[in-house]
>>> print(open('entry38.txt').read())   # compact mmCIF, N, CA and C atoms
# COMPACT_ATOMS: atom_id res chain seq x y z
N MET A 4 101.93 221.11 138.48
CA MET A 4 100.84 221.18 139.43
C MET A 4 99.52 221.25 138.66
N THR A 5 98.59 220.40 139.02
CA THR A 5 97.26 220.40 138.41
C THR A 5 96.30 221.06 139.37
N ARG A 6 95.85 222.22 139.01
CA ARG A 6 95.00 223.00 139.90
C ARG A 6 93.54 222.97 139.47
N VAL A 7 92.68 222.93 140.49
CA VAL A 7 91.24 222.97 140.28
C VAL A 7 90.68 224.01 141.25
N ILE A 8 89.70 224.75 140.79
CA ILE A 8 89.01 225.73 141.63
C ILE A 8 87.64 225.19 141.95
N ALA A 9 87.21 225.36 143.20
CA ALA A 9 85.85 225.00 143.59
C ALA A 9 85.15 226.27 144.07
N LEU A 10 83.88 226.38 143.71
CA LEU A 10 83.09 227.56 144.06
C LEU A 10 81.77 227.13 144.68
N ASP A 11 81.54 227.60 145.91
CA ASP A 11 80.24 227.46 146.56
C ASP A 11 79.54 228.79 146.34
N PRO A 12 78.66 228.86 145.34
CA PRO A 12 78.11 230.16 144.93
C PRO A 12 77.08 230.69 145.91
N GLY A 13 77.03 232.00 146.01
CA GLY A 13 76.04 232.65 146.84
C GLY A 13 75.73 234.02 146.29
N ARG A 14 74.72 234.65 146.83
CA ARG A 14 74.34 235.99 146.36
C ARG A 14 75.24 237.07 146.94
N SER A 15 75.49 237.02 148.26
CA SER A 15 76.28 238.07 148.89
C SER A 15 77.72 237.64 149.17
N LYS A 16 77.94 236.34 149.39
CA LYS A 16 79.29 235.83 149.63
C LYS A 16 79.42 234.45 149.01
N CYS A 17 80.66 234.08 148.74
CA CYS A 17 80.93 232.78 148.11
C CYS A 17 82.12 232.11 148.80
N GLY A 18 82.09 230.79 148.79
CA GLY A 18 83.25 230.03 149.22
C GLY A 18 84.07 229.71 147.99
N LEU A 19 85.37 229.93 148.09
CA LEU A 19 86.25 229.73 146.95
C LEU A 19 87.46 228.94 147.42
N LEU A 20 87.86 227.97 146.61
CA LEU A 20 88.94 227.08 147.00
C LEU A 20 89.82 226.78 145.81
N LEU A 21 91.12 226.82 146.02
CA LEU A 21 92.09 226.44 145.00
C LEU A 21 92.81 225.21 145.53
N ALA A 22 92.80 224.13 144.75
CA ALA A 22 93.42 222.87 145.19
C ALA A 22 94.37 222.35 144.12
N ASP A 23 95.39 221.67 144.60
CA ASP A 23 96.32 220.96 143.72
C ASP A 23 95.91 219.49 143.80
N ILE A 24 95.26 218.99 142.75
CA ILE A 24 94.74 217.62 142.83
C ILE A 24 95.81 216.57 142.59
N ALA A 25 96.97 216.98 142.11
CA ALA A 25 98.06 216.02 141.96
C ALA A 25 98.61 215.60 143.32
N THR A 26 98.58 216.53 144.28
CA THR A 26 99.06 216.24 145.63
C THR A 26 97.92 216.13 146.64
N ASN A 27 96.69 216.26 146.18
CA ASN A 27 95.50 216.19 147.05
C ASN A 27 95.55 217.21 148.19
N THR A 28 95.96 218.42 147.89
CA THR A 28 96.04 219.45 148.93
C THR A 28 95.32 220.73 148.52
N VAL A 29 94.82 221.40 149.54
CA VAL A 29 94.22 222.72 149.35
C VAL A 29 95.35 223.73 149.35
N VAL A 30 95.39 224.57 148.33
CA VAL A 30 96.39 225.62 148.23
C VAL A 30 95.90 226.85 148.99
N GLN A 31 94.63 227.18 148.77
CA GLN A 31 94.05 228.35 149.43
C GLN A 31 92.54 228.21 149.45
N GLY A 32 91.92 228.65 150.53
CA GLY A 32 90.47 228.65 150.63
C GLY A 32 90.02 229.92 151.33
N MET A 33 88.89 230.45 150.91
CA MET A 33 88.43 231.71 151.49
C MET A 33 86.93 231.89 151.29
N VAL A 34 86.38 232.77 152.10
CA VAL A 34 85.01 233.24 151.93
C VAL A 34 85.13 234.72 151.61
N ILE A 35 84.61 235.11 150.45
CA ILE A 35 84.74 236.50 150.03
C ILE A 35 83.40 237.03 149.52
N PRO A 36 83.24 238.35 149.53
CA PRO A 36 82.02 238.93 148.95
C PRO A 36 81.90 238.54 147.48
N SER A 37 80.70 238.34 147.03
CA SER A 37 80.46 237.93 145.64
C SER A 37 81.09 238.87 144.64
N ALA A 38 81.13 240.15 144.96
CA ALA A 38 81.69 241.14 144.04
C ALA A 38 83.18 240.94 143.80
N GLU A 39 83.87 240.20 144.68
CA GLU A 39 85.32 240.01 144.55
C GLU A 39 85.71 238.67 143.91
N VAL A 40 84.74 237.82 143.64
CA VAL A 40 85.03 236.46 143.16
C VAL A 40 85.75 236.46 141.81
N LEU A 41 85.26 237.20 140.85
CA LEU A 41 85.86 237.17 139.51
C LEU A 41 87.30 237.68 139.53
N ASP A 42 87.59 238.70 140.34
CA ASP A 42 88.96 239.19 140.46
C ASP A 42 89.87 238.12 141.07
N GLN A 43 89.38 237.41 142.09
CA GLN A 43 90.17 236.36 142.71
C GLN A 43 90.42 235.22 141.72
N LEU A 44 89.39 234.85 140.96
CA LEU A 44 89.57 233.81 139.95
C LEU A 44 90.65 234.20 138.95
N ARG A 45 90.59 235.43 138.49
CA ARG A 45 91.58 235.90 137.51
C ARG A 45 93.00 235.85 138.10
N SER A 46 93.12 236.22 139.39
CA SER A 46 94.46 236.20 140.00
C SER A 46 94.99 234.77 140.11
N TRP A 47 94.12 233.81 140.36
CA TRP A 47 94.54 232.41 140.41
C TRP A 47 94.86 231.86 139.03
N MET A 48 94.26 232.43 138.00
CA MET A 48 94.45 231.93 136.64
C MET A 48 95.74 232.43 136.00
N VAL A 49 96.38 233.43 136.62
CA VAL A 49 97.61 234.00 136.09
C VAL A 49 98.72 233.77 137.11
N ASP A 50 99.85 233.25 136.67
CA ASP A 50 100.95 232.98 137.60
C ASP A 50 101.72 234.25 137.93
N ALA A 51 102.75 234.13 138.73
CA ALA A 51 103.52 235.28 139.20
C ALA A 51 104.21 236.03 138.06
N HIS A 52 104.40 235.38 136.92
CA HIS A 52 105.07 236.01 135.78
C HIS A 52 104.08 236.60 134.77
N GLY A 53 102.80 236.61 135.12
CA GLY A 53 101.80 237.18 134.24
C GLY A 53 101.32 236.25 133.15
N GLU A 54 101.72 234.98 133.23
CA GLU A 54 101.31 234.03 132.22
C GLU A 54 100.18 233.16 132.76
N ASP A 55 99.40 232.58 131.85
CA ASP A 55 98.29 231.72 132.26
C ASP A 55 98.80 230.54 133.08
N ASP A 56 98.17 230.33 134.23
CA ASP A 56 98.51 229.21 135.09
C ASP A 56 97.67 228.01 134.65
N GLN A 57 98.06 226.85 135.07
CA GLN A 57 97.37 225.63 134.67
C GLN A 57 96.18 225.33 135.59
N ILE A 58 95.04 225.89 135.30
CA ILE A 58 93.81 225.58 136.01
C ILE A 58 93.06 224.57 135.16
N ALA A 59 92.94 223.34 135.67
CA ALA A 59 92.32 222.28 134.89
C ALA A 59 90.82 222.53 134.70
N GLU A 60 90.15 222.94 135.77
CA GLU A 60 88.71 223.19 135.68
C GLU A 60 88.21 223.89 136.93
N LEU A 61 86.97 224.34 136.86
CA LEU A 61 86.29 224.94 137.99
C LEU A 61 85.06 224.10 138.28
N VAL A 62 84.92 223.70 139.54
CA VAL A 62 83.78 222.91 139.98
C VAL A 62 82.88 223.84 140.78
N ILE A 63 81.62 223.92 140.39
CA ILE A 63 80.67 224.82 141.04
C ILE A 63 79.46 224.04 141.53
N GLY A 64 78.99 224.40 142.71
CA GLY A 64 77.77 223.79 143.23
C GLY A 64 76.56 224.29 142.48
N ASP A 65 75.52 223.47 142.42
CA ASP A 65 74.32 223.82 141.64
C ASP A 65 73.27 224.57 142.45
N GLY A 66 73.63 225.08 143.61
CA GLY A 66 72.65 225.74 144.49
C GLY A 66 72.43 227.20 144.15
N THR A 67 72.31 227.98 145.21
CA THR A 67 71.98 229.40 145.14
C THR A 67 72.73 230.14 144.05
N SER A 68 72.01 230.72 143.15
CA SER A 68 72.53 231.57 142.06
C SER A 68 73.61 230.93 141.19
N SER A 69 73.66 229.62 141.16
CA SER A 69 74.67 228.92 140.37
C SER A 69 74.58 229.27 138.88
N THR A 70 73.39 229.31 138.36
CA THR A 70 73.22 229.59 136.93
C THR A 70 73.74 230.98 136.58
N ILE A 71 73.47 231.95 137.44
CA ILE A 71 73.95 233.32 137.22
C ILE A 71 75.48 233.33 137.20
N TRP A 72 76.09 232.62 138.16
CA TRP A 72 77.54 232.55 138.21
C TRP A 72 78.12 231.87 136.98
N GLN A 73 77.49 230.84 136.51
CA GLN A 73 78.02 230.11 135.35
C GLN A 73 78.15 231.01 134.13
N HIS A 74 77.25 231.98 134.00
CA HIS A 74 77.30 232.90 132.86
C HIS A 74 78.37 233.97 133.03
N GLN A 75 78.84 234.19 134.26
CA GLN A 75 79.83 235.23 134.53
C GLN A 75 81.27 234.71 134.53
N LEU A 76 81.43 233.40 134.63
CA LEU A 76 82.76 232.82 134.74
C LEU A 76 83.55 232.99 133.44
N PRO A 77 84.87 233.14 133.56
CA PRO A 77 85.70 233.29 132.35
C PRO A 77 85.48 232.11 131.40
N ALA A 78 85.34 232.42 130.13
CA ALA A 78 85.07 231.40 129.11
C ALA A 78 86.20 230.40 128.98
N SER A 79 87.40 230.77 129.40
CA SER A 79 88.54 229.87 129.27
C SER A 79 88.52 228.73 130.30
N LEU A 80 87.68 228.85 131.32
CA LEU A 80 87.59 227.80 132.35
C LEU A 80 86.63 226.70 131.94
N LYS A 81 87.08 225.46 132.10
CA LYS A 81 86.18 224.32 131.92
C LYS A 81 85.36 224.22 133.21
N VAL A 82 84.04 224.33 133.10
CA VAL A 82 83.17 224.36 134.28
C VAL A 82 82.41 223.05 134.44
N ARG A 83 82.43 222.51 135.66
CA ARG A 83 81.67 221.30 136.01
C ARG A 83 80.69 221.68 137.10
N VAL A 84 79.42 221.37 136.90
CA VAL A 84 78.37 221.66 137.88
C VAL A 84 78.12 220.39 138.69
N VAL A 85 78.12 220.55 140.02
CA VAL A 85 78.00 219.42 140.94
C VAL A 85 76.82 219.64 141.87
N ASP A 86 76.10 218.58 142.17
CA ASP A 86 75.01 218.63 143.13
C ASP A 86 75.56 219.01 144.50
N GLU A 87 75.00 220.06 145.09
CA GLU A 87 75.51 220.48 146.39
C GLU A 87 74.49 220.24 147.52
N THR A 88 73.58 219.31 147.31
CA THR A 88 72.61 218.98 148.35
C THR A 88 73.33 218.51 149.61
N GLY A 89 72.99 219.12 150.73
CA GLY A 89 73.54 218.71 152.02
C GLY A 89 74.95 219.18 152.31
N THR A 90 75.49 220.10 151.51
CA THR A 90 76.88 220.49 151.74
C THR A 90 77.07 221.27 153.04
N THR A 91 76.07 221.98 153.50
CA THR A 91 76.24 222.74 154.75
C THR A 91 76.50 221.80 155.91
N LEU A 92 75.71 220.75 156.04
CA LEU A 92 75.93 219.79 157.13
C LEU A 92 77.23 219.02 156.93
N ARG A 93 77.52 218.64 155.69
CA ARG A 93 78.76 217.93 155.43
C ARG A 93 79.98 218.83 155.69
N ALA A 94 79.84 220.12 155.39
CA ALA A 94 80.93 221.06 155.63
C ALA A 94 81.20 221.20 157.13
N ARG A 95 80.16 221.20 157.92
CA ARG A 95 80.35 221.29 159.38
C ARG A 95 81.12 220.07 159.89
N ALA A 96 80.70 218.88 159.46
CA ALA A 96 81.39 217.66 159.89
C ALA A 96 82.83 217.64 159.37
N ARG A 97 83.02 218.07 158.14
CA ARG A 97 84.37 218.08 157.55
C ARG A 97 85.27 219.07 158.28
N TYR A 98 84.72 220.19 158.68
CA TYR A 98 85.49 221.18 159.45
C TYR A 98 86.08 220.54 160.70
N TRP A 99 85.25 219.80 161.44
CA TRP A 99 85.72 219.19 162.69
C TRP A 99 86.71 218.06 162.43
N GLN A 100 86.65 217.43 161.24
CA GLN A 100 87.67 216.43 160.90
C GLN A 100 89.03 217.09 160.68
N LEU A 101 89.01 218.23 159.99
CA LEU A 101 90.25 218.93 159.68
C LEU A 101 90.83 219.67 160.88
N TRP A 102 89.97 220.26 161.68
CA TRP A 102 90.41 221.03 162.85
C TRP A 102 89.59 220.58 164.06
N PRO A 103 90.01 219.48 164.68
CA PRO A 103 89.26 218.91 165.82
C PRO A 103 89.09 219.92 166.96
N ALA A 104 87.96 219.78 167.65
CA ALA A 104 87.69 220.63 168.80
C ALA A 104 88.73 220.40 169.88
N LEU A 105 89.01 221.43 170.63
CA LEU A 105 89.98 221.35 171.72
C LEU A 105 89.30 221.62 173.06
N GLY A 106 89.95 221.20 174.11
CA GLY A 106 89.45 221.48 175.45
C GLY A 106 88.09 220.85 175.69
N TRP A 107 87.27 221.56 176.44
CA TRP A 107 85.95 221.04 176.81
C TRP A 107 85.03 220.87 175.61
N LYS A 108 85.29 221.61 174.50
CA LYS A 108 84.43 221.52 173.31
C LYS A 108 84.46 220.13 172.67
N ARG A 109 85.57 219.40 172.87
CA ARG A 109 85.64 218.04 172.29
C ARG A 109 84.69 217.07 172.99
N LEU A 110 84.17 217.47 174.15
CA LEU A 110 83.22 216.61 174.87
C LEU A 110 81.80 216.74 174.34
N LEU A 111 81.55 217.81 173.58
CA LEU A 111 80.22 218.01 173.00
C LEU A 111 79.98 217.01 171.87
N PRO A 112 78.76 216.52 171.74
CA PRO A 112 78.43 215.69 170.57
C PRO A 112 78.63 216.50 169.29
N LEU A 113 79.04 215.83 168.24
CA LEU A 113 79.33 216.51 166.97
C LEU A 113 78.18 217.39 166.51
N GLY A 114 76.95 216.92 166.68
CA GLY A 114 75.78 217.69 166.25
C GLY A 114 75.59 219.00 166.99
N LEU A 115 76.20 219.15 168.15
CA LEU A 115 76.07 220.38 168.93
C LEU A 115 77.25 221.33 168.73
N ARG A 116 78.26 220.90 168.01
CA ARG A 116 79.41 221.75 167.75
C ARG A 116 79.11 222.65 166.54
N ILE A 117 79.18 223.93 166.76
CA ILE A 117 78.93 224.89 165.69
C ILE A 117 80.21 225.69 165.49
N PRO A 118 80.84 225.58 164.31
CA PRO A 118 82.04 226.39 164.06
C PRO A 118 81.69 227.87 164.09
N SER A 119 82.61 228.68 164.56
CA SER A 119 82.34 230.12 164.69
C SER A 119 82.82 230.85 163.44
N GLY A 120 82.02 230.84 162.42
CA GLY A 120 82.36 231.53 161.18
C GLY A 120 81.63 230.95 159.99
N ASP A 121 81.86 231.55 158.84
CA ASP A 121 81.23 231.10 157.60
C ASP A 121 81.94 229.86 157.08
N LEU A 122 81.16 228.84 156.79
CA LEU A 122 81.71 227.57 156.31
C LEU A 122 81.75 227.46 154.79
N ASP A 123 81.57 228.55 154.09
CA ASP A 123 81.48 228.50 152.63
C ASP A 123 82.74 227.94 151.97
N ALA A 124 83.92 228.24 152.50
CA ALA A 124 85.15 227.68 151.93
C ALA A 124 85.20 226.17 152.15
N ILE A 125 84.72 225.73 153.31
CA ILE A 125 84.68 224.29 153.60
C ILE A 125 83.61 223.64 152.71
N ALA A 126 82.51 224.35 152.46
CA ALA A 126 81.48 223.83 151.55
C ALA A 126 82.07 223.66 150.15
N ALA A 127 82.90 224.61 149.71
CA ALA A 127 83.56 224.47 148.41
C ALA A 127 84.47 223.24 148.41
N LEU A 128 85.14 223.00 149.54
CA LEU A 128 85.97 221.79 149.66
C LEU A 128 85.12 220.54 149.53
N VAL A 129 83.99 220.50 150.22
CA VAL A 129 83.09 219.34 150.18
C VAL A 129 82.56 219.12 148.77
N ILE A 130 82.23 220.19 148.07
CA ILE A 130 81.77 220.09 146.68
C ILE A 130 82.87 219.47 145.81
N LEU A 131 84.10 219.94 145.98
CA LEU A 131 85.21 219.41 145.19
C LEU A 131 85.51 217.96 145.54
N GLU A 132 85.50 217.63 146.83
CA GLU A 132 85.76 216.25 147.24
C GLU A 132 84.69 215.31 146.70
N HIS A 133 83.44 215.77 146.69
CA HIS A 133 82.36 214.96 146.13
C HIS A 133 82.60 214.70 144.64
N TYR A 134 82.99 215.74 143.93
CA TYR A 134 83.26 215.62 142.50
C TYR A 134 84.44 214.67 142.23
N LEU A 135 85.51 214.81 143.01
CA LEU A 135 86.71 213.99 142.80
C LEU A 135 86.56 212.57 143.33
N GLY A 136 85.67 212.39 144.31
CA GLY A 136 85.49 211.08 144.92
C GLY A 136 86.59 210.72 145.90
N ARG A 137 87.26 211.74 146.43
CA ARG A 137 88.31 211.51 147.42
C ARG A 137 88.48 212.75 148.30
N SER A 138 89.09 212.54 149.46
CA SER A 138 89.34 213.62 150.39
C SER A 138 90.64 214.34 150.05
N LEU A 139 90.68 215.62 150.39
CA LEU A 139 91.88 216.43 150.21
C LEU A 139 92.41 216.82 151.59
N GLN A 140 93.69 217.12 151.64
CA GLN A 140 94.32 217.62 152.85
C GLN A 140 94.29 219.15 152.83
N TRP A 141 94.11 219.76 154.00
CA TRP A 141 94.15 221.21 154.10
C TRP A 141 95.26 221.54 155.08
N PRO A 142 96.52 221.62 154.60
CA PRO A 142 97.64 221.80 155.52
C PRO A 142 97.73 223.19 156.14
N GLY A 143 97.04 224.14 155.57
CA GLY A 143 97.09 225.50 156.08
C GLY A 143 96.31 225.66 157.37
N PRO A 144 96.34 226.86 157.90
CA PRO A 144 95.62 227.13 159.14
C PRO A 144 94.10 227.12 158.95
N ASP A 145 93.40 226.99 160.04
CA ASP A 145 91.94 227.02 160.08
C ASP A 145 91.44 228.32 159.44
N PRO A 146 90.68 228.25 158.35
CA PRO A 146 90.24 229.47 157.67
C PRO A 146 89.26 230.30 158.49
N LEU A 147 88.59 229.71 159.45
CA LEU A 147 87.66 230.48 160.29
C LEU A 147 88.42 231.31 161.32
N LYS A 148 89.57 230.85 161.73
CA LYS A 148 90.36 231.57 162.72
C LYS A 148 91.22 232.66 162.08
N ASN A 149 91.47 232.53 160.78
CA ASN A 149 92.36 233.47 160.10
C ASN A 149 91.63 234.30 159.05
N ALA A 150 90.31 234.28 159.08
CA ALA A 150 89.56 235.03 158.09
C ALA A 150 89.67 236.53 158.37
N PRO A 151 89.91 237.32 157.34
CA PRO A 151 89.96 238.77 157.57
C PRO A 151 88.58 239.27 157.93
N SER A 152 88.54 240.21 158.85
CA SER A 152 87.23 240.74 159.24
C SER A 152 86.79 241.76 158.21
N ARG A 153 85.54 241.67 157.85
CA ARG A 153 84.98 242.55 156.81
C ARG A 153 83.90 243.40 157.42
>>> encode(input="entry38.txt", output="structure tokens")
Amino acid sequence: MTRVIALDPGRSKCGLLLADIATNTVVQGMVIPSAEVLDQLRSWMVDAHGEDDQIAELVIGDGTSSTIWQHQLPASLKVRVVDETGTTLRARARYWQLWPALGWKRLLPLGLRIPSGDLDAIAALVILEHYLGRSLQWPGPDPLKNAPSR
């Protein structure tokens, strides 16, 4: 499995995504407080047996506090910085592609549909897809509906 991590950096919260690029699938995506990001990265970098897992690289957006994050990331990660201009709007559109609106909400024009939650994990997906030049599948449940309340 060839794994890549994507990070949509922020000051108070970040979008974090782990993907298997060999199968073009998202393994896990989440929005977490910034203080928890490094611990989550470390847990993804070590497999269940305590050995280093195969993380090919980390892709980070060049927006909010990106430079600060780049200095905090584990030195063992190969880091790629990607332009994240327009990711918020692209993340909204990508969300509706992955989890189409149901019921009367599908009658609303796309521009009027607002997902109910933080799109930072989807923004991390958009950043990674931009870097890879292809779309990924997210077979898991809608992260906005299953996000732990903080």
>>> closest_residue(input="entry38.txt", among="A:Leu139, A:Leu147, A:Ala124, A:Leu41", to="Asp23 (chain A)", atoms="only C-alpha atoms")
A:Leu139
>>> atom_distance(input="entry38.txt", atom1="CA of Ile71 (chain A)", atom2="CA of Ile125 (chain A)")
21.6 Å
>>> select_by_dssp(input="entry38.txt", residues="region 12-87 of chain A", states="strand (DSSP E)", output="count of residues only")
28
>>> atom_distance(input="entry38.txt", atom1="atom N of Ile24 (chain A)", atom2="CA of Val85 (chain A)")
17.4 Å
>>> closest_residue(input="entry38.txt", among="A:Leu92, A:Leu20, A:Val7, A:Leu101", to="Asp145 (chain A)", atoms="all atoms listed in the file")
A:Leu101
>>> residues_around(input="entry38.txt", residues="Trp99 (chain A)", least_positions_apart="6", cutoff="9 Å", atoms="only C-alpha atoms", output="number ranges by chain")
A: 113, 116, 118
>>> build_atoms(input="entry38.txt", residues="region 29-53 of chain A", atoms="N, CA, C and O atoms", output="short mmCIF file (atom, residue, chain, number, x, y, z; two decimals), in the frame of the given file")
data_model
loop_
_atom_site.label_atom_id
_atom_site.label_comp_id
_atom_site.auth_asym_id
_atom_site.auth_seq_id
_atom_site.Cartn_x
_atom_site.Cartn_y
_atom_site.Cartn_z
N VAL A 29 94.82 221.40 149.54
CA VAL A 29 94.22 222.72 149.35
C VAL A 29 95.35 223.73 149.35
O VAL A 29 96.20 223.73 150.25
N VAL A 30 95.39 224.57 148.33
CA VAL A 30 96.39 225.62 148.23
C VAL A 30 95.90 226.85 148.99
O VAL A 30 96.63 227.46 149.75
N GLN A 31 94.63 227.18 148.77
CA GLN A 31 94.05 228.35 149.43
C GLN A 31 92.54 228.21 149.45
O GLN A 31 91.95 227.73 148.48
N GLY A 32 91.92 228.65 150.53
CA GLY A 32 90.47 228.65 150.63
C GLY A 32 90.02 229.92 151.33
O GLY A 32 90.71 230.41 152.23
N MET A 33 88.89 230.45 150.91
CA MET A 33 88.43 231.71 151.49
C MET A 33 86.93 231.89 151.29
O MET A 33 86.31 231.26 150.43
N VAL A 34 86.38 232.77 152.10
CA VAL A 34 85.01 233.24 151.93
C VAL A 34 85.13 234.72 151.61
O VAL A 34 85.73 235.48 152.39
N ILE A 35 84.61 235.11 150.45
CA ILE A 35 84.74 236.50 150.03
C ILE A 35 83.40 237.03 149.52
O ILE A 35 82.54 236.25 149.11
N PRO A 36 83.24 238.35 149.53
CA PRO A 36 82.02 238.93 148.95
C PRO A 36 81.90 238.54 147.48
O PRO A 36 82.92 238.44 146.76
N SER A 37 80.70 238.34 147.03
CA SER A 37 80.46 237.93 145.64
C SER A 37 81.09 238.87 144.64
O SER A 37 81.57 238.43 143.59
N ALA A 38 81.13 240.15 144.96
CA ALA A 38 81.69 241.14 144.04
C ALA A 38 83.18 240.94 143.80
O ALA A 38 83.73 241.44 142.81
N GLU A 39 83.87 240.20 144.68
CA GLU A 39 85.32 240.01 144.55
C GLU A 39 85.71 238.67 143.91
O GLU A 39 86.88 238.42 143.65
N VAL A 40 84.74 237.82 143.64
CA VAL A 40 85.03 236.46 143.16
C VAL A 40 85.75 236.46 141.81
O VAL A 40 86.76 235.77 141.64
N LEU A 41 85.26 237.20 140.85
CA LEU A 41 85.86 237.17 139.51
C LEU A 41 87.30 237.68 139.53
O LEU A 41 88.17 237.12 138.85
N ASP A 42 87.59 238.70 140.34
CA ASP A 42 88.96 239.19 140.46
C ASP A 42 89.87 238.12 141.07
O ASP A 42 91.00 237.93 140.62
N GLN A 43 89.38 237.41 142.09
CA GLN A 43 90.17 236.36 142.71
C GLN A 43 90.42 235.22 141.72
O GLN A 43 91.52 234.69 141.65
N LEU A 44 89.39 234.85 140.96
CA LEU A 44 89.57 233.81 139.95
C LEU A 44 90.65 234.20 138.95
O LEU A 44 91.52 233.39 138.61
N ARG A 45 90.59 235.43 138.49
CA ARG A 45 91.58 235.90 137.51
C ARG A 45 93.00 235.85 138.10
O ARG A 45 93.95 235.48 137.43
N SER A 46 93.12 236.22 139.39
CA SER A 46 94.46 236.20 140.00
C SER A 46 94.99 234.77 140.11
O SER A 46 96.19 234.54 139.97
N TRP A 47 94.12 233.81 140.36
CA TRP A 47 94.54 232.41 140.41
C TRP A 47 94.86 231.86 139.03
O TRP A 47 95.64 230.93 138.89
N MET A 48 94.26 232.43 138.00
CA MET A 48 94.45 231.93 136.64
C MET A 48 95.74 232.43 136.00
O MET A 48 96.17 231.92 134.98
N VAL A 49 96.38 233.43 136.62
CA VAL A 49 97.61 234.00 136.09
C VAL A 49 98.72 233.77 137.11
O VAL A 49 98.56 234.05 138.29
N ASP A 50 99.85 233.25 136.67
CA ASP A 50 100.95 232.98 137.60
C ASP A 50 101.72 234.25 137.93
O ASP A 50 101.41 235.34 137.44
N ALA A 51 102.75 234.13 138.73
CA ALA A 51 103.52 235.28 139.20
C ALA A 51 104.21 236.03 138.06
O ALA A 51 104.59 237.18 138.21
N HIS A 52 104.40 235.38 136.92
CA HIS A 52 105.07 236.01 135.78
C HIS A 52 104.08 236.60 134.77
O HIS A 52 104.47 236.99 133.69
N GLY A 53 102.80 236.61 135.12
CA GLY A 53 101.80 237.18 134.24
C GLY A 53 101.32 236.25 133.15
O GLY A 53 100.61 236.66 132.24
#
